[in-house]
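**Q** File name run_23.csv; file contents CSV, C-alpha atoms; full text below.
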chain,number,residue,atom,x,y,z
A,1,MET,CA,0.0,0.0,0.0
A,2,PHE,CA,2.7,2.5,0.9
A,3,GLU,CA,5.2,1.7,-1.8
A,4,ARG,CA,8.0,2.0,0.7
A,5,SER,CA,11.0,1.3,-1.6
A,6,ARG,CA,9.9,3.9,-4.1
A,7,LEU,CA,9.2,6.4,-1.4
A,8,LYS,CA,12.6,5.7,0.3
A,9,THR,CA,14.4,6.4,-3.0
A,10,ALA,CA,12.5,9.7,-3.4
A,11,LEU,CA,13.3,10.7,0.1
A,12,LEU,CA,16.9,10.0,-0.4
A,13,VAL,CA,17.0,12.0,-3.6
A,14,ALA,CA,15.3,14.9,-1.9
A,15,ALA,CA,17.7,14.7,1.1
A,16,THR,CA,20.9,14.5,-1.0
A,17,GLY,CA,19.5,17.1,-3.4
A,18,ALA,CA,18.7,19.6,-0.7
A,19,ILE,CA,22.0,19.0,1.1
A,20,VAL,CA,25.1,19.5,-1.2
A,21,LEU,CA,27.7,16.9,-0.4
A,22,THR,CA,31.3,17.8,-1.0
A,23,ALA,CA,33.3,15.4,1.2
A,24,GLY,CA,35.8,12.9,-0.3
A,25,CYS,CA,35.7,9.2,-0.1
A,26,GLY,CA,35.2,7.6,3.3
A,27,GLY,CA,37.4,5.0,4.8
A,28,GLY,CA,36.5,1.4,5.5
A,29,GLY,CA,36.5,-0.4,8.8
A,30,GLY,CA,34.5,-2.8,10.8
A,31,LYS,CA,31.3,-2.3,12.6
A,32,ASN,CA,32.9,-1.5,15.9
A,33,ARG,CA,35.2,1.1,14.4
A,34,ASP,CA,32.2,2.7,12.7
A,35,THR,CA,30.3,3.4,15.9
A,36,ALA,CA,33.1,3.7,18.5
A,37,TYR,CA,34.3,7.2,19.4
A,38,VAL,CA,37.3,8.0,17.2
A,39,ALA,CA,38.3,11.6,16.7
A,40,ARG,CA,38.2,12.3,13.0
A,41,ASP,CA,38.1,15.4,10.8
A,42,VAL,CA,34.7,16.4,9.7
A,43,ASP,CA,35.1,15.6,6.0
A,44,THR,CA,36.3,12.1,6.7
A,45,LEU,CA,33.6,11.4,9.2
A,46,TYR,CA,30.8,12.7,7.1
A,47,ALA,CA,32.0,10.8,4.0
A,48,ALA,CA,32.2,7.6,6.1
A,49,ALA,CA,28.6,8.1,7.1
A,50,GLN,CA,27.5,8.7,3.5
A,51,GLN,CA,29.3,5.7,2.3
A,52,ARG,CA,27.5,3.5,4.9
A,53,LEU,CA,24.2,4.9,3.9
A,54,GLU,CA,24.8,4.3,0.2
A,55,THR,CA,25.7,0.7,0.9
A,56,GLY,CA,22.6,0.0,3.0
A,57,ARG,CA,24.2,0.0,6.4
A,58,THR,CA,21.7,2.5,7.6
A,59,LYS,CA,22.1,2.1,11.4
A,60,GLN,CA,25.8,2.6,11.1
A,61,ALA,CA,25.2,5.6,8.9
A,62,ALA,CA,22.9,7.2,11.4
A,63,ALA,CA,25.4,6.6,14.2
A,64,LEU,CA,28.1,8.2,12.2
A,65,PHE,CA,26.0,11.2,11.2
A,66,ASP,CA,25.2,11.7,14.9
A,67,GLU,CA,29.0,11.5,15.5
A,68,VAL,CA,29.5,14.4,13.0
A,69,GLU,CA,27.4,16.6,15.2
A,70,ARG,CA,28.9,15.4,18.4
A,71,GLN,CA,32.5,15.9,17.3
A,72,HIS,CA,32.0,19.0,15.2
A,73,PRO,CA,28.9,20.9,16.6
A,74,TYR,CA,29.9,24.3,15.1
A,75,SER,CA,30.7,23.0,11.7
A,76,PRO,CA,28.3,23.6,8.8
A,77,TRP,CA,28.4,19.8,8.4
A,78,ALA,CA,26.6,19.4,11.8
A,79,ARG,CA,23.3,20.8,10.3
A,80,ARG,CA,23.6,18.6,7.3
A,81,ALA,CA,24.4,15.6,9.5
A,82,GLN,CA,21.3,16.1,11.6
A,83,LEU,CA,19.0,15.8,8.6
A,84,MET,CA,20.9,12.9,7.1
A,85,SER,CA,20.8,11.1,10.5
A,86,ALA,CA,17.0,11.5,10.5
A,87,PHE,CA,16.8,10.0,7.0
A,88,SER,CA,19.2,7.1,7.9
A,89,TYR,CA,17.0,6.2,10.9
A,90,TYR,CA,14.0,6.3,8.6
A,91,ALA,CA,15.7,4.0,6.2
A,92,ALA,CA,16.5,1.6,9.0
A,93,ARG,CA,12.8,1.8,10.0
A,94,ASP,CA,13.6,3.2,13.4
A,95,TYR,CA,10.8,5.7,13.1
A,96,ASN,CA,11.0,7.1,16.6
A,97,LYS,CA,14.6,8.1,16.3
A,98,ALA,CA,14.0,9.5,12.8
A,99,ILE,CA,11.2,11.7,14.1
A,100,GLN,CA,13.3,12.8,17.1
A,101,SER,CA,16.2,13.7,14.8
A,102,ALA,CA,14.0,15.6,12.4
A,103,GLN,CA,12.3,17.4,15.2
A,104,ARG,CA,15.6,18.3,16.8
A,105,PHE,CA,16.8,19.7,13.4
A,106,LEU,CA,13.6,21.9,13.2
A,107,SER,CA,14.0,23.1,16.8
A,108,ILE,CA,17.5,24.3,16.0
A,109,HIS,CA,17.0,25.4,12.4
A,110,PRO,CA,13.3,26.3,12.1
A,111,GLY,CA,13.7,28.6,9.1
A,112,ASN,CA,16.2,26.5,7.3
A,113,LYS,CA,15.6,25.9,3.6
A,114,ASP,CA,15.5,22.1,4.3
A,115,ALA,CA,12.8,22.5,7.0
A,116,PRO,CA,10.0,21.4,4.5
A,117,TYR,CA,11.9,18.1,4.0
A,118,ALA,CA,12.2,17.6,7.7
A,119,TYR,CA,8.5,18.2,8.3
A,120,TYR,CA,7.7,15.8,5.4
A,121,LEU,CA,10.0,13.1,6.8
A,122,ILE,CA,8.2,13.3,10.1
A,123,ALA,CA,4.9,12.9,8.4
A,124,ILE,CA,6.1,9.9,6.4
A,125,CYS,CA,7.5,8.2,9.5
A,126,TYR,CA,4.0,8.4,11.1
A,127,TYR,CA,2.3,7.4,7.8
A,128,GLU,CA,4.4,4.2,7.4
A,129,GLN,CA,3.4,3.1,10.9
A,130,ILE,CA,-0.3,3.1,10.2
A,131,SER,CA,-1.7,-0.2,11.5
A,132,ASP,CA,-4.7,-2.1,10.3
A,133,VAL,CA,-8.2,-0.9,11.1
A,134,THR,CA,-8.7,-3.4,13.9
A,135,ARG,CA,-6.1,-1.6,16.1
A,136,ASP,CA,-5.8,1.7,17.9
A,137,GLN,CA,-5.5,4.5,15.4
A,138,LYS,CA,-3.4,7.0,17.4
A,139,THR,CA,-0.6,6.8,14.8
A,140,THR,CA,-3.0,7.3,12.0
A,141,GLU,CA,-4.2,10.5,13.7
A,142,GLN,CA,-0.6,11.6,14.2
A,143,ALA,CA,0.1,11.0,10.5
A,144,LYS,CA,-2.9,13.0,9.5
A,145,GLN,CA,-1.9,15.9,11.7
A,146,ALA,CA,1.7,15.8,10.4
A,147,LEU,CA,0.6,15.7,6.8
A,148,THR,CA,-1.8,18.5,7.3
A,149,ASP,CA,1.0,20.5,8.9
A,150,VAL,CA,3.1,20.0,5.7
A,151,MET,CA,0.2,21.2,3.5
A,152,ARG,CA,-0.4,24.2,5.8
A,153,ARG,CA,3.2,25.3,6.1
A,154,TYR,CA,4.3,24.7,2.5
A,155,PRO,CA,1.4,24.9,0.1
A,156,GLY,CA,2.3,24.7,-3.6
A,157,THR,CA,5.3,22.4,-2.9
A,158,SER,CA,5.8,18.8,-4.1
A,159,TYR,CA,5.7,17.9,-0.4
A,160,ALA,CA,2.3,19.4,0.0
A,161,SER,CA,1.0,17.7,-3.1
A,162,ASP,CA,2.1,14.3,-1.9
A,163,ALA,CA,0.8,15.0,1.6
A,164,LYS,CA,-2.7,15.7,0.1
A,165,LEU,CA,-2.7,12.4,-1.6
A,166,LYS,CA,-1.7,10.6,1.5
A,167,ILE,CA,-4.3,12.4,3.7
A,168,ASP,CA,-7.0,11.0,1.4
A,169,LEU,CA,-5.6,7.5,2.2
A,170,VAL,CA,-5.4,8.3,5.9
A,171,ASN,CA,-9.0,9.5,5.9
A,172,ASP,CA,-10.1,6.3,4.2
A,173,HIS,CA,-8.2,4.4,6.9
A,174,LEU,CA,-9.9,6.3,9.8
A,175,ALA,CA,-13.3,5.9,8.1
A,176,GLY,CA,-12.6,2.2,7.9
A,177,LYS,CA,-11.9,2.1,11.6
A,178,GLU,CA,-15.2,3.8,12.3
A,179,MET,CA,-17.0,1.3,10.1
A,180,THR,CA,-15.4,-1.7,11.8
A,181,ILE,CA,-16.5,-0.4,15.2
A,182,GLY,CA,-20.0,0.5,13.9
A,183,ARG,CA,-20.5,-3.0,12.4
A,184,SER,CA,-19.4,-4.5,15.7
A,185,TYR,CA,-22.0,-2.5,17.6
A,186,GLU,CA,-24.6,-3.3,15.0
A,187,TYR,CA,-24.0,-7.1,15.2
A,188,SER,CA,-24.3,-7.0,18.9
A,189,GLY,CA,-27.6,-5.1,18.7
A,190,LYS,CA,-26.2,-1.7,20.0
A,191,TRP,CA,-28.0,0.2,17.2
A,192,LEU,CA,-27.7,3.7,18.6
A,193,ALA,CA,-23.9,3.4,19.2
A,194,ALA,CA,-23.6,1.9,15.7
A,195,THR,CA,-25.5,4.8,14.0
A,196,LEU,CA,-23.2,7.3,15.8
A,197,ARG,CA,-20.2,5.7,14.2
A,198,PHE,CA,-21.8,5.6,10.8
A,199,ARG,CA,-23.0,9.2,11.1
A,200,ASN,CA,-19.4,10.2,11.8
A,201,VAL,CA,-18.2,8.6,8.6
A,202,VAL,CA,-20.9,10.4,6.6
A,203,ASP,CA,-20.3,13.8,8.3
A,204,ASN,CA,-16.5,13.8,8.5
A,205,PHE,CA,-15.2,11.3,5.9
A,206,GLN,CA,-17.8,11.8,3.1
A,207,THR,CA,-15.2,11.7,0.3
A,208,THR,CA,-13.9,8.2,1.3
A,209,SER,CA,-14.9,4.9,-0.2
A,210,HIS,CA,-16.8,3.9,2.9
A,211,THR,CA,-19.6,6.5,2.6
A,212,PRO,CA,-22.1,4.4,0.5
A,213,GLU,CA,-22.0,1.6,3.0
A,214,ALA,CA,-22.2,4.0,6.0
A,215,LEU,CA,-25.4,5.5,4.5
A,216,PHE,CA,-26.9,2.0,4.1
A,217,ARG,CA,-25.9,1.1,7.7
A,218,LEU,CA,-27.7,4.3,8.8
A,219,VAL,CA,-30.8,3.1,7.0
A,220,GLU,CA,-30.5,-0.2,8.9
A,221,GLY,CA,-29.9,1.5,12.2
A,222,TYR,CA,-32.6,4.1,12.0
A,223,LEU,CA,-35.1,1.5,11.0
A,224,ALA,CA,-34.0,-0.7,13.9
A,225,ILE,CA,-34.4,2.1,16.5
A,226,GLY,CA,-37.8,3.2,15.1
A,227,VAL,CA,-37.1,6.4,13.2
A,228,PRO,CA,-38.0,5.7,9.6
A,229,GLU,CA,-38.0,9.4,8.7
A,230,GLU,CA,-34.2,9.5,9.4
A,231,ALA,CA,-33.8,6.2,7.5
A,232,GLN,CA,-35.5,7.7,4.5
A,233,LYS,CA,-33.2,10.8,4.6
A,234,ALA,CA,-30.1,8.5,4.6
A,235,ALA,CA,-31.6,6.5,1.7
A,236,ALA,CA,-32.4,9.7,-0.2
A,237,VAL,CA,-28.8,10.8,0.1
A,238,LEU,CA,-27.6,7.4,-1.0
A,239,GLU,CA,-29.9,7.5,-4.0
A,240,ARG,CA,-28.8,11.0,-5.0
A,241,ASN,CA,-25.1,10.3,-4.7
A,242,TYR,CA,-24.7,6.6,-5.4
A,243,PRO,CA,-27.8,5.6,-7.4
A,244,ALA,CA,-26.0,2.7,-9.2
A,245,SER,CA,-24.5,1.2,-6.1
A,246,ASP,CA,-25.5,-2.1,-4.6
A,247,TRP,CA,-25.8,-0.3,-1.2
A,248,TYR,CA,-28.6,1.9,-2.6
A,249,ALA,CA,-30.3,-1.2,-4.1
A,250,ARG,CA,-30.2,-2.9,-0.7
A,251,ALA,CA,-31.4,0.3,1.1
A,252,TYR,CA,-34.3,0.6,-1.3
A,253,LYS,CA,-35.4,-3.0,-0.6
A,254,LEU,CA,-35.0,-2.5,3.1
A,255,MET,CA,-37.1,0.7,3.1
A,256,ASN,CA,-39.8,-0.8,0.9
A,257,LYS,CA,-40.1,-3.8,3.3
A,258,HIS,CA,-40.0,-2.0,6.6
A,259,ALA,CA,-41.2,1.6,5.8
A,260,PRO,CA,-43.0,1.6,2.5
A,261,LYS,CA,-44.8,4.8,3.2
A,262,ASP,CA,-41.5,6.6,3.6
A,263,VAL,CA,-40.0,5.3,0.3
A,264,ALA,CA,-39.8,8.2,-2.2
A,265,ALA,CA,-41.9,7.7,-5.2
For this file, produce the structure as structure tokens.
**A**
Amino acid sequence: MFERSRLKTALLVAATGAIVLTAGCGGGGGKNRDTAYVARDVDTLYAAAQQRLETGRTKQAAALFDEVERQHPYSPWARRAQLMSAFSYYAARDYNKAIQSAQRFLSIHPGNKDAPYAYYLIAICYYEQISDVTRDQKTTEQAKQALTDVMRRYPGTSYASDAKLKIDLVNDHLAGKEMTIGRSYEYSGKWLAATLRFRNVVDNFQTTSHTPEALFRLVEGYLAIGVPEEAQKAAAVLERNYPASDWYARAYKLMNKHAPKDVAA
């Protein structure tokens, strides 16, 4: 669903495109030498980190980029290393550290030209952690908020355009969660609780793929709790917006069976 490999490539291109790299070739060495404290000049250390990232050793790369900042905090390389550290943690799927690194970058350099990328990276880290609709959706809400933040801060950018597409998917996911809960209430006979969930989908996620079913479920729910007038209203909205859908056909049959006087002519 999230096309992670393509997205990771795009993020790396964006990161390396935004941050001009001028260091020479990095040296080799084993894993312990990579992460242990060894005083090195900034060019060599940064290049070593870049080399680890390019060869897929993302955790080592993140540790080395962090080391650039620790050993050379006043160097221009420190700013670059902060952002590349965030990307390296993202590439290693250590989303919490990626978010922390990007947030730290933004706290120190809020007006930097690479700030849009940092905000976008935070949003993507939340986005890739979205779980299935049967689980808690806190991360989904965080992803929506972070993506909305990108759109609000940087309208007209490619980051905002991609964020808008992803928000549509996030909304569909949140609507799916509401539908799952609503169906569960419905199946256990808790009709009022079910209709509240389906109403939320219709009111707040009306552009998602779940809206036709939500309207049908409202017809079911309102008929079950004895308010056929409300059921007819939901059926009318379903007819107006989704006249060719199976959900409308089912709603019409249901209304004709249980509330024929309320079925529109």
**Q** For Arg217 of chain A, list every protein, DNA or RNA residue within 12 Å, evaluated using all atoms listed in the file, and leave out those in the same chain fewer than 5 positions away; present the list as a compact mmCIF listing (two decimals) with C-alpha atoms, keeping the file's coordinate frame.
**A**
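Saved as around02.txt:
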# COMPACT_ATOMS: atom_id res chain seq x y z
CA GLU A 178 -15.20 3.80 12.30
CA MET A 179 -17.00 1.30 10.10
CA THR A 180 -15.40 -1.70 11.80
CA GLY A 182 -20.00 0.50 13.90
CA ARG A 183 -20.50 -3.00 12.40
CA SER A 184 -19.40 -4.50 15.70
CA TYR A 185 -22.00 -2.50 17.60
CA GLU A 186 -24.60 -3.30 15.00
CA TYR A 187 -24.00 -7.10 15.20
CA TRP A 191 -28.00 0.20 17.20
CA LEU A 192 -27.70 3.70 18.60
CA ALA A 193 -23.90 3.40 19.20
CA ALA A 194 -23.60 1.90 15.70
CA THR A 195 -25.50 4.80 14.00
CA LEU A 196 -23.20 7.30 15.80
CA ARG A 197 -20.20 5.70 14.20
CA PHE A 198 -21.80 5.60 10.80
CA ARG A 199 -23.00 9.20 11.10
CA ASN A 200 -19.40 10.20 11.80
CA VAL A 201 -18.20 8.60 8.60
CA VAL A 202 -20.90 10.40 6.60
CA HIS A 210 -16.80 3.90 2.90
CA THR A 211 -19.60 6.50 2.60
CA PRO A 212 -22.10 4.40 0.50
CA TYR A 222 -32.60 4.10 12.00
CA LEU A 223 -35.10 1.50 11.00
CA ALA A 224 -34.00 -0.70 13.90
CA GLU A 230 -34.20 9.50 9.40
CA ALA A 231 -33.80 6.20 7.50
CA ALA A 234 -30.10 8.50 4.60
CA ALA A 235 -31.60 6.50 1.70
CA LEU A 238 -27.60 7.40 -1.00
CA TRP A 247 -25.80 -0.30 -1.20
CA TYR A 248 -28.60 1.90 -2.60
CA ARG A 250 -30.20 -2.90 -0.70
CA ALA A 251 -31.40 0.30 1.10
CA LEU A 254 -35.00 -2.50 3.10
**Q** Counting all atoms listed in the file, which residue out of A:Gly226, A:Gly156, A:Gly221, A:Gly176 sits closest to Arg135 of chain A?
**A** A:Gly176
**Q** Considering all atoms listed in the file, return as a PDB file with C-alpha atoms, keeping the file's coordinate frame whatever protein or nucleic-acid residues lie within 12 Å of Glu141 of chain A, sequence-local ones (same chain, fewer than 6 positions apart) excluded.
**A**
ATOM      1  CA  ALA A 123       4.900  12.900   8.400  1.00  0.00           C
ATOM      2  CA  TYR A 126       4.000   8.400  11.100  1.00  0.00           C
ATOM      3  CA  TYR A 127       2.300   7.400   7.800  1.00  0.00           C
ATOM      4  CA  GLN A 129       3.400   3.100  10.900  1.00  0.00           C
ATOM      5  CA  ILE A 130      -0.300   3.100  10.200  1.00  0.00           C
ATOM      6  CA  SER A 131      -1.700  -0.200  11.500  1.00  0.00           C
ATOM      7  CA  LEU A 147       0.600  15.700   6.800  1.00  0.00           C
ATOM      8  CA  THR A 148      -1.800  18.500   7.300  1.00  0.00           C
ATOM      9  CA  ILE A 167      -4.300  12.400   3.700  1.00  0.00           C
ATOM     10  CA  LEU A 169      -5.600   7.500   2.200  1.00  0.00           C
ATOM     11  CA  VAL A 170      -5.400   8.300   5.900  1.00  0.00           C
ATOM     12  CA  ASN A 171      -9.000   9.500   5.900  1.00  0.00           C
ATOM     13  CA  ASP A 172     -10.100   6.300   4.200  1.00  0.00           C
ATOM     14  CA  HIS A 173      -8.200   4.400   6.900  1.00  0.00           C
ATOM     15  CA  LEU A 174      -9.900   6.300   9.800  1.00  0.00           C
ATOM     16  CA  ALA A 175     -13.300   5.900   8.100  1.00  0.00           C
ATOM     17  CA  LYS A 177     -11.900   2.100  11.600  1.00  0.00           C
TER      18      LYS A 177
END
**Q** Please report the interatomic distance between atom CA of Cys125 of chain A and atom CA of Tyr90 of chain A in Å with one decimal.
**A**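 Calculated distance between atom CA of Cys125 of chain A and atom CA of Tyr90 of chain A is 6.8 Å.
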**Q** From the options A:Gly56, A:Leu64, A:Arg153, A:Ile181, which residue's atoms come nearest to Gly111 of chain A, counting only C-alpha atoms?
**A**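 Between A:Gly56, A:Leu64, A:Arg153, A:Ile181, the residue approaching Gly111 of chain A most closely is A:Arg153.
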**Q** Hey, can you check how far atom CA of Lys144 of chain A sits from atom CA of Asp168 of chain A?
**A**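 Atom-to-atom, atom CA of Lys144 of chain A and atom CA of Asp168 of chain A are spaced 9.3 Å apart.
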**Q** With all atoms listed in the file as the atoms that count, which of A:Ala48, A:Leu121, A:Ala62, A:Val150 lies nearest to Ala92 of chain A?
**A**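 The shortest atom-to-atom distance to Ala92 of chain A comes from A:Ala62.
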**Q** What is the distance, in Å and to one decimal place, between atom CA of Lys113 of chain A and atom CA of Thr139 of chain A?
**A**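 Answer for the atom CA of Lys113 of chain A to atom CA of Thr139 of chain A separation: 27.4 Å.
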**Q** Which neighbours of Arg93 of chain A fall inside 10 Å, counting all atoms listed in the file, when residues of the same chain fewer than 5 positions from it are skipped, and could you give them as a list in words?
**A**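 The filter keeps Thr58, Lys59, Phe87, Ser88, Ala98, Cys125, Glu128 and Gln129 of chain A.
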**Q** Find, counting all atoms listed in the file, the residue in A:Ala115, A:Ile122, A:Ala259, A:Ala236 that gets nearest to Tyr89 of chain A.
**A**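 Residue with the minimum atom-to-atom distance to Tyr89 of chain A: A:Ile122.
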**Q** Which residues, written as a list in words, have at least one atom at most 12 Å from Ser75 of chain A, with all atoms listed in the file counted and residues fewer than 6 positions away on the same chain left out?
**A**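 Returned residues: Asp41, Val42, Asp43, Tyr46, Val68, Glu69, Ala81 and Gln82 of chain A.
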**Q** I want to know what sits within 12 Å of Asn112 of chain A, based on all atoms listed in the file, with residues of the same chain fewer than 4 positions away left out; could you give that as JSON, numbers by chain?
**A** {"A": [18, 19, 79, 80, 83, 105, 106, 107, 108, 116, 117, 118, 119]}
**Q** Can you spit out the residues from that selection as a PDB file, in the coordinates of the input, using C-alpha atoms?
**A**
ATOM      1  CA  ALA A  18      18.700  19.600  -0.700  1.00  0.00           C
ATOM      2  CA  ILE A  19      22.000  19.000   1.100  1.00  0.00           C
ATOM      3  CA  ARG A  79      23.300  20.800  10.300  1.00  0.00           C
ATOM      4  CA  ARG A  80      23.600  18.600   7.300  1.00  0.00           C
ATOM      5  CA  LEU A  83      19.000  15.800   8.600  1.00  0.00           C
ATOM      6  CA  PHE A 105      16.800  19.700  13.400  1.00  0.00           C
ATOM      7  CA  LEU A 106      13.600  21.900  13.200  1.00  0.00           C
ATOM      8  CA  SER A 107      14.000  23.100  16.800  1.00  0.00           C
ATOM      9  CA  ILE A 108      17.500  24.300  16.000  1.00  0.00           C
ATOM     10  CA  PRO A 116      10.000  21.400   4.500  1.00  0.00           C
ATOM     11  CA  TYR A 117      11.900  18.100   4.000  1.00  0.00           C
ATOM     12  CA  ALA A 118      12.200  17.600   7.700  1.00  0.00           C
ATOM     13  CA  TYR A 119       8.500  18.200   8.300  1.00  0.00           C
TER      14      TYR A 119
END
